[in-house]
>>> print(open('structure-v4.txt').read())   # compact mmCIF, C-alpha atoms
# COMPACT_ATOMS: atom_id res chain seq x y z
CA MET A 1 -5.19 43.52 29.59
CA ALA A 2 -2.51 41.48 27.84
CA GLY A 3 0.14 43.51 29.63
CA ASP A 4 -1.57 42.90 32.97
CA GLY A 5 -1.74 39.19 32.22
CA LEU A 6 1.98 39.01 31.45
CA ALA A 7 2.80 40.94 34.60
CA ALA A 8 0.66 38.61 36.67
CA GLY A 9 2.30 35.59 35.04
CA ASP A 10 5.77 36.99 35.68
CA LEU A 11 4.86 37.69 39.27
CA THR A 12 3.61 34.13 39.74
CA ALA A 13 6.85 32.67 38.32
CA ALA A 14 8.92 34.98 40.51
CA ASP A 15 6.92 33.99 43.57
CA ALA A 16 7.41 30.31 42.79
CA GLN A 17 11.15 30.76 42.38
CA GLU A 18 11.36 32.71 45.63
CA ALA A 19 9.46 29.96 47.40
CA ARG A 20 11.90 27.33 46.09
CA LEU A 21 14.88 29.40 47.21
CA ARG A 22 13.36 29.86 50.66
CA ARG A 23 12.83 26.10 51.01
CA ARG A 24 16.42 25.42 50.02
CA LEU A 25 17.67 28.07 52.42
CA ARG A 26 15.71 26.52 55.28
CA ALA A 27 17.11 23.10 54.39
CA TRP A 28 20.69 24.45 54.40
CA GLN A 29 20.06 26.25 57.68
CA ALA A 30 18.82 23.02 59.24
CA ARG A 31 21.91 21.17 57.99
CA LEU A 32 24.16 23.96 59.27
CA GLU A 33 22.60 23.78 62.72
CA ALA A 34 23.08 20.03 62.79
CA ALA A 35 26.70 20.22 61.58
CA ASP A 36 29.40 19.33 64.07
CA PRO A 37 32.85 19.74 62.46
CA GLU A 38 34.72 18.57 65.55
CA ALA A 39 32.66 15.40 65.68
CA ASP A 40 33.28 14.82 61.94
CA LEU A 41 37.04 15.16 62.42
CA ALA A 42 36.94 12.77 65.35
CA ALA A 43 34.90 10.25 63.33
CA GLY A 44 37.32 10.59 60.45
CA GLU A 45 40.26 9.93 62.74
CA ARG A 46 38.57 6.82 64.14
CA ALA A 47 37.93 5.62 60.57
CA GLY A 48 41.53 6.26 59.56
CA ALA A 49 40.52 9.03 57.14
CA ARG A 50 42.12 12.41 56.60
CA LEU A 51 40.53 15.66 55.43
CA ILE A 52 42.27 17.58 52.67
CA ILE A 53 41.27 21.05 51.52
CA PRO A 54 42.32 23.39 48.68
CA GLY A 55 45.85 24.66 49.19
CA THR A 56 47.12 21.62 51.08
CA PRO A 57 49.89 19.50 49.48
CA GLU A 58 47.62 16.55 48.67
CA TRP A 59 44.87 18.62 47.03
CA PRO A 60 44.43 17.80 43.28
CA THR A 61 44.48 21.22 41.62
CA GLN A 62 42.48 20.00 38.61
CA LEU A 63 39.41 20.13 40.86
CA ASP A 64 39.75 23.92 40.83
CA GLN A 65 38.38 23.84 37.27
CA LEU A 66 34.98 23.03 38.76
CA GLY A 67 34.71 26.69 39.80
CA THR A 68 31.86 27.26 42.20
CA SER A 69 31.13 23.51 42.13
CA ARG A 70 34.53 22.68 43.58
CA PRO A 71 34.22 20.68 46.82
CA LEU A 72 35.15 22.48 50.02
CA GLY A 73 37.22 19.49 51.04
CA LEU A 74 37.65 15.75 50.54
CA TRP A 75 37.85 12.90 53.02
CA VAL A 76 40.55 10.41 52.00
CA SER A 77 40.96 6.89 53.32
CA GLY A 78 43.87 4.91 51.95
CA THR A 79 47.60 4.77 51.36
CA ALA A 80 47.81 6.63 48.03
CA ASP A 81 48.67 10.31 47.76
CA LEU A 82 45.61 11.73 46.02
CA ARG A 83 47.34 14.58 44.16
CA TYR A 84 50.19 12.42 42.88
CA SER A 85 47.94 9.49 41.94
CA CYS A 86 45.65 11.68 39.84
CA LEU A 87 48.41 13.27 37.76
CA ARG A 88 48.22 10.32 35.37
CA SER A 89 44.74 8.92 35.76
CA VAL A 90 41.71 7.86 33.76
CA SER A 91 38.12 7.27 34.86
CA ILE A 92 36.32 4.10 33.83
CA VAL A 93 32.56 4.14 34.37
CA GLY A 94 29.51 2.29 33.17
CA ALA A 95 26.28 0.51 33.98
CA ARG A 96 25.55 -1.18 37.28
CA ALA A 97 23.52 -3.86 35.46
CA ALA A 98 26.53 -4.62 33.28
CA THR A 99 26.71 -7.55 30.88
CA PRO A 100 29.48 -10.17 31.06
CA TYR A 101 30.97 -8.47 27.99
CA GLY A 102 31.06 -5.11 29.74
CA MET A 103 32.56 -6.54 32.93
CA HIS A 104 35.30 -8.29 30.95
CA VAL A 105 36.13 -5.20 28.89
CA ALA A 106 36.20 -2.91 31.94
CA ALA A 107 38.57 -5.23 33.81
CA GLU A 108 40.85 -5.63 30.77
CA PHE A 109 41.04 -1.88 30.17
CA ALA A 110 41.72 -1.17 33.85
CA ALA A 111 44.44 -3.82 34.01
CA GLY A 112 46.04 -2.50 30.84
CA MET A 113 46.03 1.07 32.11
CA ALA A 114 47.43 0.01 35.48
CA GLU A 115 50.22 -1.98 33.83
CA SER A 116 51.17 1.19 31.94
CA GLY A 117 51.38 3.21 35.16
CA TRP A 118 47.96 4.88 35.04
CA THR A 119 45.67 5.27 38.05
CA VAL A 120 42.13 4.00 37.51
CA ILE A 121 39.31 6.09 38.99
CA SER A 122 35.71 4.92 39.34
CA GLY A 123 32.70 5.15 41.61
CA GLY A 124 32.88 1.92 43.59
CA ALA A 125 29.43 0.80 42.40
CA LEU A 126 28.29 -2.60 41.20
CA GLY A 127 28.91 -3.58 37.59
CA ILE A 128 31.46 -1.70 35.51
CA ASP A 129 32.85 0.32 38.45
CA GLY A 130 33.66 -2.77 40.49
CA ALA A 131 35.18 -4.55 37.48
CA ALA A 132 37.43 -1.55 36.79
CA HIS A 133 38.67 -1.41 40.40
CA ARG A 134 39.34 -5.16 40.44
CA GLY A 135 41.15 -5.06 37.10
CA ALA A 136 43.51 -2.34 38.32
CA LEU A 137 44.19 -4.16 41.58
CA ALA A 138 44.83 -7.45 39.77
CA ALA A 139 47.50 -5.72 37.70
CA GLY A 140 49.17 -4.33 40.81
CA GLY A 141 48.10 -0.78 40.04
CA THR A 142 46.56 2.12 41.95
CA THR A 143 42.82 2.68 41.93
CA ILE A 144 40.64 5.36 43.54
CA ALA A 145 36.97 4.96 44.44
CA ILE A 146 34.82 8.08 44.79
CA LEU A 147 31.81 7.37 46.97
CA ALA A 148 28.45 9.06 47.41
CA CYS A 149 28.59 8.38 51.16
CA GLY A 150 31.10 8.59 53.96
CA VAL A 151 34.41 6.81 53.42
CA ASP A 152 33.66 4.65 56.46
CA ILE A 153 30.53 3.18 54.88
CA SER A 154 30.67 0.22 52.50
CA TYR A 155 28.04 0.84 49.86
CA PRO A 156 27.22 -1.49 48.28
CA SER A 157 27.85 -3.81 51.21
CA SER A 158 29.00 -6.58 48.88
CA HIS A 159 32.04 -4.41 48.07
CA HIS A 160 33.32 -4.36 51.66
CA ASP A 161 36.31 -6.57 50.86
CA LEU A 162 36.97 -4.68 47.62
CA PHE A 163 37.06 -1.36 49.48
CA THR A 164 39.51 -2.88 51.97
CA GLN A 165 41.82 -3.79 49.08
CA ILE A 166 41.43 -0.33 47.55
CA ARG A 167 42.44 1.34 50.82
CA ALA A 168 45.55 -0.84 50.93
CA ASP A 169 46.67 -0.06 47.36
CA GLY A 170 44.89 3.19 46.57
CA ALA A 171 42.33 5.46 48.17
CA ILE A 172 38.63 5.90 48.84
CA ILE A 173 37.45 9.50 48.80
CA SER A 174 34.25 11.43 49.39
CA GLU A 175 33.14 14.97 50.03
CA CYS A 176 30.62 13.61 52.54
CA PRO A 177 31.72 13.42 56.19
CA PRO A 178 32.05 9.99 57.82
CA GLY A 179 28.74 8.40 58.73
CA VAL A 180 26.78 10.00 55.87
CA HIS A 181 24.67 7.52 53.90
CA PRO A 182 24.19 7.67 50.10
CA THR A 183 21.23 9.22 48.33
CA ARG A 184 20.33 9.41 44.65
CA ALA A 185 21.27 13.09 44.55
CA ARG A 186 24.69 12.40 46.07
CA PHE A 187 25.46 9.84 43.36
CA LEU A 188 24.80 12.40 40.64
CA ILE A 189 26.73 15.11 42.49
CA ARG A 190 29.83 12.96 42.98
CA ASN A 191 30.00 12.21 39.23
CA ARG A 192 31.54 15.63 38.61
CA LEU A 193 34.49 14.58 40.79
CA ILE A 194 35.03 11.40 38.79
CA ALA A 195 35.22 13.46 35.60
CA ALA A 196 37.31 16.29 37.04
CA LEU A 197 40.01 14.22 38.74
CA SER A 198 41.14 12.35 35.62
CA ARG A 199 42.57 13.30 32.24
CA GLY A 200 39.75 11.52 30.51
CA THR A 201 36.71 9.30 31.02
CA LEU A 202 36.00 5.93 29.41
CA VAL A 203 32.39 4.75 29.26
CA VAL A 204 32.25 0.98 28.83
CA GLU A 205 28.49 0.40 28.97
CA ALA A 206 25.70 2.92 29.51
CA ALA A 207 22.00 3.11 28.83
CA LEU A 208 20.56 6.25 27.26
CA ARG A 209 19.72 7.59 30.73
CA SER A 210 22.32 6.58 33.29
CA GLY A 211 24.83 7.79 35.82
CA ALA A 212 27.63 7.01 33.36
CA ALA A 213 26.02 9.29 30.79
CA ASN A 214 25.86 11.97 33.49
CA THR A 215 29.59 11.55 34.16
CA ALA A 216 30.23 11.83 30.40
CA THR A 217 28.38 15.16 30.35
CA HIS A 218 30.58 16.48 33.16
CA ALA A 219 33.70 15.36 31.27
CA LEU A 220 32.56 17.21 28.15
CA ASN A 221 31.72 20.36 30.15
CA LEU A 222 35.24 20.26 31.63
CA SER A 223 36.82 19.77 28.18
CA ARG A 224 38.17 16.40 29.26
CA HIS A 225 38.76 13.56 26.82
CA LEU A 226 35.76 11.25 26.45
CA ALA A 227 36.00 7.73 25.05
CA VAL A 228 33.57 4.85 24.73
CA VAL A 229 33.79 1.15 24.04
CA PRO A 230 31.27 0.02 21.41
CA GLY A 231 28.99 -2.90 22.14
CA PRO A 232 26.46 -5.02 20.26
CA VAL A 233 23.91 -2.85 18.46
CA THR A 234 21.19 -5.00 20.04
CA SER A 235 22.33 -4.25 23.61
CA GLU A 236 20.43 -1.59 25.55
CA MET A 237 23.45 -1.34 27.86
CA SER A 238 25.51 0.06 24.98
CA ALA A 239 22.86 2.41 23.59
CA GLY A 240 24.31 5.38 25.49
CA CYS A 241 27.80 4.65 24.16
CA HIS A 242 26.54 4.46 20.60
CA ARG A 243 24.60 7.72 21.02
CA LEU A 244 27.79 9.49 22.13
CA LEU A 245 29.58 8.15 19.06
CA ARG A 246 26.75 9.10 16.74
CA ASP A 247 26.66 12.64 18.15
CA ARG A 248 30.47 12.82 17.75
CA LYS A 249 30.95 13.63 21.40
CA ALA A 250 33.25 10.69 22.15
CA VAL A 251 36.07 8.71 20.57
CA CYS A 252 35.78 4.98 19.96
CA VAL A 253 38.55 2.95 21.61
CA THR A 254 39.03 -0.82 21.61
CA THR A 255 42.32 -1.29 23.49
CA PRO A 256 44.08 0.31 26.47
CA ALA A 257 46.81 1.49 24.07
CA GLU A 258 44.23 3.49 22.11
CA LEU A 259 42.92 5.03 25.33
CA ILE A 260 46.44 6.02 26.38
CA ASP A 261 46.96 7.50 22.92
CA LEU A 262 43.89 9.68 23.54
CA VAL A 263 44.52 10.87 27.10
CA GLY A 264 48.31 10.68 27.22
CA MET A 265 50.98 13.24 26.41
CA ILE A 266 51.38 14.12 22.74
CA GLY A 267 54.35 12.25 21.32
CA ASP A 268 54.93 10.12 24.42
CA ASP A 269 51.90 7.83 24.54
CA LEU A 270 51.13 7.03 20.91
CA ALA A 271 49.36 3.75 20.25
CA PRO A 272 51.05 1.40 17.76
CA THR A 273 49.35 1.06 14.40
CA PRO A 274 47.40 -2.23 14.35
CA ARG A 275 48.80 -4.79 11.92
CA GLY A 276 47.89 -8.28 10.90
CA PRO A 277 50.13 -11.25 11.68
CA VAL A 278 53.51 -11.40 9.96
CA VAL A 279 53.74 -14.29 7.48
CA PRO A 280 56.63 -15.59 5.33
CA HIS A 281 55.05 -14.03 2.25
CA ASP A 282 55.72 -10.58 3.75
CA ALA A 283 59.48 -11.10 3.44
CA LEU A 284 59.35 -11.42 -0.36
CA SER A 285 60.31 -8.51 -2.57
CA GLU A 286 57.62 -6.76 -4.58
CA THR A 287 58.91 -8.37 -7.79
CA ALA A 288 58.93 -11.85 -6.25
CA ARG A 289 55.34 -11.38 -5.02
CA SER A 290 54.23 -10.28 -8.50
CA VAL A 291 55.81 -13.36 -10.07
CA LEU A 292 54.37 -15.63 -7.37
CA ASP A 293 50.89 -14.23 -7.96
CA ALA A 294 51.23 -15.06 -11.67
CA VAL A 295 52.09 -18.74 -11.08
CA PRO A 296 49.04 -21.00 -11.52
CA GLY A 297 47.91 -23.30 -8.74
CA ARG A 298 47.15 -26.18 -11.09
CA GLY A 299 48.62 -27.43 -14.32
CA GLY A 300 51.62 -25.29 -15.21
CA ALA A 301 52.77 -22.23 -17.14
CA GLY A 302 55.89 -21.35 -19.03
CA THR A 303 58.34 -18.68 -17.95
CA ALA A 304 57.28 -16.35 -20.76
CA THR A 305 53.59 -16.67 -19.86
CA ILE A 306 54.34 -15.92 -16.21
CA ALA A 307 56.52 -12.93 -17.18
CA VAL A 308 53.67 -11.38 -19.18
CA ALA A 309 51.18 -11.90 -16.34
CA ALA A 310 53.60 -10.50 -13.75
CA GLY A 311 54.69 -7.54 -15.89
CA THR A 312 58.38 -8.42 -15.59
CA ASP A 313 61.05 -9.22 -18.17
CA LEU A 314 62.09 -12.79 -18.91
CA SER A 315 65.42 -12.81 -17.04
CA THR A 316 63.92 -11.20 -13.93
CA THR A 317 61.07 -13.68 -13.99
CA LEU A 318 63.40 -16.65 -14.33
CA SER A 319 65.55 -15.40 -11.43
CA ALA A 320 62.49 -14.87 -9.24
CA LEU A 321 61.13 -18.33 -10.06
CA GLY A 322 64.45 -19.87 -9.03
CA SER A 323 64.37 -18.08 -5.70
CA LEU A 324 60.73 -19.01 -5.13
CA ALA A 325 61.48 -22.65 -5.91
CA ALA A 326 64.36 -22.64 -3.43
CA ALA A 327 62.07 -21.15 -0.79
CA GLY A 328 59.46 -23.85 -1.38
CA TYR A 329 56.75 -21.71 -2.97
CA VAL A 330 56.78 -23.12 -6.55
CA LEU A 331 58.01 -26.18 -8.40
CA ARG A 332 58.79 -26.99 -12.03
CA THR A 333 56.78 -29.75 -13.72
CA PRO A 334 56.71 -31.13 -17.27
CA LYS A 335 53.82 -28.71 -17.95
CA GLY A 336 55.71 -25.69 -16.57
CA TRP A 337 55.82 -23.77 -13.33
CA ARG A 338 53.07 -24.20 -10.75
CA LEU A 339 52.51 -23.49 -7.04
CA LYS A 340 53.81 -26.08 -4.66
CA PRO A 341 50.88 -27.84 -2.95
CA GLY A 342 50.41 -26.58 0.60
CA ALA A 343 52.65 -23.52 0.12
CA PHE A 344 51.35 -20.28 1.68
CA THR A 345 51.14 -17.65 -1.04
CA HIS A 346 48.81 -14.89 0.16
CA PRO A 347 48.87 -12.59 3.22
>>> encode(input="structure-v4.txt", output="structure tokens")
Amino acid sequence: MAGDGLAAGDLTAADAQEARLRRRLRAWQARLEAADPEADLAAGERAGARLIIPGTPEWPTQLDQLGTSRPLGLWVSGTADLRYSCLRSVSIVGARAATPYGMHVAAEFAAGMAESGWTVISGGALGIDGAAHRGALAAGGTTIAILACGVDISYPSSHHDLFTQIRADGAIISECPPGVHPTRARFLIRNRLIAALSRGTLVVEAALRSGAANTATHALNLSRHLAVVPGPVTSEMSAGCHRLLRDRKAVCVTTPAELIDLVGMIGDDLAPTPRGPVVPHDALSETARSVLDAVPGRGGAGTATIAVAAGTDLSTTLSALGSLAAAGYVLRTPKGWRLKPGAFTHP
């Protein structure tokens, strides 16, 4: 009886799967019947868009890594050459309901990348996406927006002027024909293109469940670099970023130079090591610093006392004190050597 029960259960699951496949097949058949390639090409021409397909000169070959998920073609509207622009590109994504902190950081990163000759890719949405596009444009760089609708549709409508600027200095692309309106599913589907076109993806702000987190997953599946900008631990908009860091799936970056260090060519795009400000004290020799540290700030101390504290011999100590006095760090009083009031002595 148990065997019969399992067989019946397996049969029910198989029937359910077959039913789902049949529904999908009917939906694709309906779409196929409604498709009109000649009308799409004509609409694209009216919108000033061109269709590129695998094997054509403008096709970005990194999209081939998507395998069976590779788009059949892309509609491109804009002045930039898509293949060339994506050779040195980074994606910047994040929350639509971004905080002022996130908007500022996204714009700063995009501007910094653009100034260094990198193309900025994003999804054209409200929040982080829009800030990234604007930051790149403000720096005179190239930016590419990947839409979940036709390239002739401004969605969101408030980004109409932004999309006009992007077309003039970059490109707007989509795998949807002109006239197609966005759906939730299309937003999730287009995220794979954002991840695949660039060398790496930067997540500025993301909730635990978000489109940006979905793009991050695609980047990881494609073995692309993944970076995040940390935010306040109290911010829900940074919870997804912090989860990626905690799970060791992403690298923390705080400057465009660090992002270039991550996604750039080994040896060519190294970020400089952060250092504090250079102060006069840094120019002193190690011996002079040791003697200076041994000089009291009040009262006074004799040369011998300072030599013992500094671990130097008497003649070396006396020479160092003379140099420090000439440089304005110490002065000699009736009670001995002491620091000169107002002199900077510590880094």
>>> residues_near_point(input="structure-v4.txt", point="(37.2, -3.7, 53.4)", cutoff="12 Å", atoms="all atoms listed in the file", output="number ranges by chain")
A: 47, 77-78, 151-169, 171-172
>>> closest_residue(input="structure-v4.txt", among="A:Leu197, A:Ile189, A:Ala132, A:Ala95", to="Ala213 (chain A)", atoms="only C-alpha atoms")
A:Ala95
>>> residues_around(input="structure-v4.txt", residues="region 330-342 of chain A", least_positions_apart="2", cutoff="9 Å", atoms="only C-alpha atoms", output="PyMOL selection string")
chain A and resi 292+295-303+306+321-322+324-328+344-345
>>> closest_residue(input="structure-v4.txt", among="A:Gly102, A:Gly124, A:Gly170, A:Pro256", to="Asp81 (chain A)", atoms="all atoms listed in the file")
A:Gly170
>>> closest_residue(input="structure-v4.txt", among="A:Arg246, A:Ala207, A:Asp261, A:Ile52", to="Thr234 (chain A)", atoms="all atoms listed in the file")
A:Ala207
>>> atom_distance(input="structure-v4.txt", atom1="CA of Cys176 (chain A)", atom2="CA of Ala35 (chain A)")
11.9 Å
>>> residues_around(input="structure-v4.txt", residues="Glu236 (chain A)", least_positions_apart="5", cutoff="9 Å", atoms="only C-alpha atoms", output="list in words")
Glu205, Ala206, Ala207 and Leu208 of chain A
>>> atom_distance(input="structure-v4.txt", atom1="CA of Leu244 (chain A)", atom2="CA of Thr217 (chain A)")
10.0 Å
>>> atom_distance(input="structure-v4.txt", atom1="CA of Arg83 (chain A)", atom2="CA of His181 (chain A)")
25.7 Å
>>> closest_residue(input="structure-v4.txt", among="A:Trp118, A:Gly150, A:Ala111, A:Ala216", to="His133 (chain A)", atoms="all atoms listed in the file")
A:Ala111
>>> closest_residue(input="structure-v4.txt", among="A:Gly231, A:Ala80, A:Ala27, A:Ala212", to="Pro100 (chain A)", atoms="all atoms listed in the file")
A:Gly231
>>> residues_around(input="structure-v4.txt", residues="Leu226 (chain A)", least_positions_apart="6", cutoff="6 Å", atoms="all atoms listed in the file", output="mmCIF file with C-alpha atoms, in the coordinates of the input")
data_model
loop_
_atom_site.group_PDB
_atom_site.id
_atom_site.type_symbol
_atom_site.label_atom_id
_atom_site.label_comp_id
_atom_site.auth_asym_id
_atom_site.auth_seq_id
_atom_site.Cartn_x
_atom_site.Cartn_y
_atom_site.Cartn_z
ATOM 1 C CA GLY A 200 39.750 11.520 30.510
ATOM 2 C CA THR A 201 36.710 9.300 31.020
ATOM 3 C CA ALA A 250 33.250 10.690 22.150
#
>>> closest_residue(input="structure-v4.txt", among="A:Ala107, A:Val203, A:Ala49, A:Ile194", to="Arg243 (chain A)", atoms="only C-alpha atoms")
A:Val203
>>> residues_around(input="structure-v4.txt", residues="Thr255 (chain A)", least_positions_apart="3", cutoff="12 Å", atoms="only C-alpha atoms", output="list of chain:residue names")
A:Val105, A:Ala106, A:Ala107, A:Glu108, A:Phe109, A:Ala110, A:Ala111, A:Gly112, A:Met113, A:Leu202, A:Val204, A:Ala227, A:Val228, A:Val229, A:Pro230, A:Cys252, A:Glu258, A:Leu259, A:Ile260, A:Asp261, A:Leu262, A:Ala271, A:Pro272, A:Thr273, A:Pro274
>>> residues_near_point(input="structure-v4.txt", point="(46.5, 19.4, 41.7)", cutoff="12 Å", atoms="all atoms listed in the file", output="PyMOL selection string")
chain A and resi 52-65+81-88+196-199
>>> decode(input="structure-v4.txt", residues="region 40-49 of chain A", atoms="all heavy atoms", output="short mmCIF file (atom, residue, chain, number, x, y, z; two decimals), in the first residue's frame")
data_model
loop_
_atom_site.label_atom_id
_atom_site.label_comp_id
_atom_site.auth_asym_id
_atom_site.auth_seq_id
_atom_site.Cartn_x
_atom_site.Cartn_y
_atom_site.Cartn_z
N ASP A 40 7.95 45.71 -34.93
CA ASP A 40 8.91 46.07 -33.88
C ASP A 40 10.09 46.84 -34.47
O ASP A 40 10.55 47.84 -33.90
CB ASP A 40 9.42 44.82 -33.18
CG ASP A 40 8.34 44.15 -32.33
OD1 ASP A 40 7.37 44.84 -31.97
OD2 ASP A 40 8.49 42.96 -32.02
N LEU A 41 10.60 46.39 -35.59
CA LEU A 41 11.73 47.06 -36.23
C LEU A 41 11.34 48.47 -36.67
O LEU A 41 12.13 49.42 -36.54
CB LEU A 41 12.23 46.25 -37.42
CG LEU A 41 12.96 44.95 -37.08
CD1 LEU A 41 13.22 44.13 -38.34
CD2 LEU A 41 14.27 45.24 -36.37
N ALA A 42 10.14 48.59 -37.18
CA ALA A 42 9.66 49.91 -37.62
C ALA A 42 9.50 50.84 -36.41
O ALA A 42 9.86 52.02 -36.47
CB ALA A 42 8.34 49.77 -38.37
N ALA A 43 8.96 50.30 -35.31
CA ALA A 43 8.80 51.11 -34.10
C ALA A 43 10.15 51.52 -33.54
O ALA A 43 10.33 52.64 -33.06
CB ALA A 43 8.01 50.33 -33.05
N GLY A 44 11.11 50.58 -33.59
CA GLY A 44 12.45 50.90 -33.13
C GLY A 44 13.09 52.01 -33.95
O GLY A 44 13.74 52.91 -33.41
N GLU A 45 12.89 51.95 -35.25
CA GLU A 45 13.45 52.97 -36.13
C GLU A 45 12.83 54.33 -35.84
O GLU A 45 13.53 55.36 -35.82
CB GLU A 45 13.22 52.58 -37.59
CG GLU A 45 13.87 53.53 -38.59
CD GLU A 45 13.72 53.06 -40.02
OE1 GLU A 45 13.17 51.96 -40.23
OE2 GLU A 45 14.15 53.80 -40.92
N ARG A 46 11.51 54.35 -35.60
CA ARG A 46 10.85 55.62 -35.27
C ARG A 46 11.37 56.18 -33.95
O ARG A 46 11.46 57.39 -33.78
CB ARG A 46 9.33 55.41 -35.20
CG ARG A 46 8.66 55.18 -36.54
CD ARG A 46 7.16 55.32 -36.42
NE ARG A 46 6.60 54.34 -35.49
CZ ARG A 46 6.20 53.12 -35.82
NH1 ARG A 46 6.30 52.72 -37.09
NH2 ARG A 46 5.70 52.29 -34.92
N ALA A 47 11.70 55.27 -33.02
CA ALA A 47 12.19 55.70 -31.70
C ALA A 47 13.69 56.00 -31.70
O ALA A 47 14.24 56.39 -30.67
CB ALA A 47 11.87 54.63 -30.66
N GLY A 48 14.34 55.78 -32.83
CA GLY A 48 15.77 56.02 -32.90
C GLY A 48 16.58 54.93 -32.23
O GLY A 48 17.71 55.16 -31.78
N ALA A 49 16.03 53.72 -32.15
CA ALA A 49 16.71 52.60 -31.51
C ALA A 49 17.19 51.60 -32.55
O ALA A 49 16.61 51.48 -33.64
CB ALA A 49 15.77 51.90 -30.53
#
